[in-house]
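What follows is data_8.pdb (PDB, C-alpha atoms, pLDDT in the B column).
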```pdb
ATOM      1  CA  MET A 104      20.909 -28.629 108.336  1.00 92.00           C
ATOM      2  CA  TRP A 105      20.959 -29.263 104.587  1.00 95.00           C
ATOM      3  CA  ILE A 106      20.337 -32.645 102.967  1.00 97.00           C
ATOM      4  CA  ILE A 107      21.107 -33.759  99.416  1.00 97.00           C
ATOM      5  CA  THR A 108      19.169 -36.837  98.342  1.00 96.00           C
ATOM      6  CA  VAL A 109      20.618 -38.538  95.261  1.00 95.00           C
ATOM      7  CA  TYR A 110      18.745 -41.080  93.143  1.00 95.00           C
ATOM      8  CA  SER A 111      21.143 -42.940  90.847  1.00 87.00           C
ATOM      9  CA  GLU A 112      20.429 -44.908  87.676  1.00 82.00           C
ATOM     10  CA  LYS A 113      21.018 -48.171  89.565  1.00 83.00           C
ATOM     11  CA  ASN A 114      18.024 -47.475  91.864  1.00 83.00           C
ATOM     12  CA  ASN A 115      20.305 -46.527  94.756  1.00 89.00           C
ATOM     13  CA  THR A 116      19.355 -43.696  97.079  1.00 94.00           C
ATOM     14  CA  THR A 117      22.075 -41.829  98.950  1.00 93.00           C
ATOM     15  CA  MET A 118      21.736 -38.928 101.383  1.00 95.00           C
ATOM     16  CA  PHE A 119      24.409 -36.386 102.310  1.00 96.00           C
ATOM     17  CA  GLU A 120      24.115 -34.061 105.322  1.00 96.00           C
ATOM     18  CA  PHE A 121      25.656 -30.588 105.552  1.00 96.00           C
ATOM     19  CA  ALA A 122      25.673 -27.984 108.306  1.00 93.00           C
ATOM     20  CA  GLU A 123      26.163 -25.000 105.970  1.00 94.00           C
ATOM     21  CA  GLU A 124      24.114 -24.020 102.919  1.00 94.00           C
ATOM     22  CA  LYS A 125      27.229 -22.945 101.002  1.00 96.00           C
ATOM     23  CA  GLU A 126      28.928 -26.333 101.239  1.00 97.00           C
ATOM     24  CA  ALA A 127      25.677 -28.126 100.363  1.00 96.00           C
ATOM     25  CA  ARG A 128      25.212 -26.023  97.219  1.00 96.00           C
ATOM     26  CA  GLU A 129      28.840 -26.601  96.160  1.00 96.00           C
ATOM     27  CA  ALA A 130      28.396 -30.365  96.497  1.00 96.00           C
ATOM     28  CA  PHE A 131      24.991 -30.180  94.781  1.00 96.00           C
ATOM     29  CA  ASP A 132      26.566 -28.635  91.669  1.00 95.00           C
ATOM     30  CA  LYS A 133      29.117 -31.468  91.436  1.00 95.00           C
ATOM     31  CA  ILE A 134      26.593 -34.337  91.627  1.00 92.00           C
ATOM     32  CA  LYS A 135      25.428 -35.597  88.226  1.00 87.00           C
ATOM     33  CA  ASP A 136      22.540 -37.966  89.063  1.00 87.00           C
ATOM     34  CA  CYS A 137      18.979 -36.950  89.905  1.00 93.00           C
ATOM     35  CA  LYS A 138      19.187 -34.941  93.137  1.00 95.00           C
ATOM     36  CA  ILE A 139      17.114 -32.919  95.595  1.00 95.00           C
ATOM     37  CA  LEU A 140      18.444 -30.260  97.970  1.00 96.00           C
ATOM     38  CA  SER A 141      16.415 -29.820 101.162  1.00 95.00           C
ATOM     39  CA  GLU A 142      16.735 -27.655 104.244  1.00 93.00           C
ATOM     40  CA  VAL A 143      15.731 -29.277 107.532  1.00 90.00           C
ATOM     41  CA  VAL A 144      14.424 -26.791 110.085  1.00 84.00           C
ATOM     42  CA  TYR A 145      13.882 -27.714 113.720  1.00 78.00           C
ATOM     43  CA  PHE A 146      11.429 -25.598 115.689  1.00 74.00           C
ATOM     44  CA  SER A 147      13.716 -25.838 118.714  1.00 71.00           C
ATOM     45  CA  ASP A 148      16.580 -24.240 116.765  1.00 60.00           C
ATOM     46  CA  CYS A 149      16.850 -20.677 118.082  1.00 61.00           C
ATOM     47  CA  SER A 150      19.048 -19.568 115.164  1.00 60.00           C
ATOM     48  CA  THR A 151      16.193 -20.040 112.661  1.00 55.00           C
ATOM     49  CA  LEU A 152      14.579 -16.811 111.547  1.00 59.00           C
ATOM     50  CA  VAL A 153      10.811 -17.042 111.171  1.00 55.00           C
ATOM     51  CA  THR A 154       9.037 -14.391 109.113  1.00 56.00           C
ATOM     52  CA  THR A 155       5.327 -13.881 108.612  1.00 52.00           C
TER      53      THR A 155
END
```
Turn the structure described in the file into structure tokens.
Amino acid sequence: MWIITVYSEKNNTTMFEFAEEKEAREAFDKIKDCKILSEVVYFSDCSTLVTT
């Protein structure tokens, strides 16, 4: 899961959730306010690749 957290000039915080990295990055490029892109990883998610 991918989350975009947006902090606007009016002190509003908005969060957007995406299933795919590609769609999150496309939306991230279109947002103009201060923003953070985060990936949420669940340990129970078997599709997550863990490398050491």
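Remark: for Ser141 in chain A, the closest of the candidate residues A:Trp105, A:Asn115, A:Phe121, A:Arg128 is A:Trp105 (distances computed over all atoms listed in the file).
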Check: Excluding same-chain residues fewer than 4 positions from Cys137 in chain A, what lies within 8 Å of it counting only C-alpha atoms, as a PyMOL selection string?
Finding: chain A and resi 109-111
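Taking CA of Ala130 in chain A and CA of Val144 in chain A as endpoints, the distance between them is 19.8 Å.
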Notebook entry, point to check: Care to translate the PyMOL selection byres ((chain A and resi 136) around 12) into actual residues of this file, as a ChimeraX atom specification?
Noted result: /A:107-117,131-135,137-139
Item checked: Selection under test: the PyMOL selection byres ((chain A and resi 143) around 12); residues as a PyMOL selection string -> chain A and resi 104-107+120-124+140-142+144-148+151
Report as JSON the centre and the edge lengths, in Å to one decimal, of the axis-aligned box holding every listed atom of range 120-127 of chain A, padded by 5 Å on each side.
```
{"center_x": 26.5, "center_y": -28.5, "center_z": 104.3, "size_x": 14.8, "size_y": 21.1, "size_z": 17.9}
```
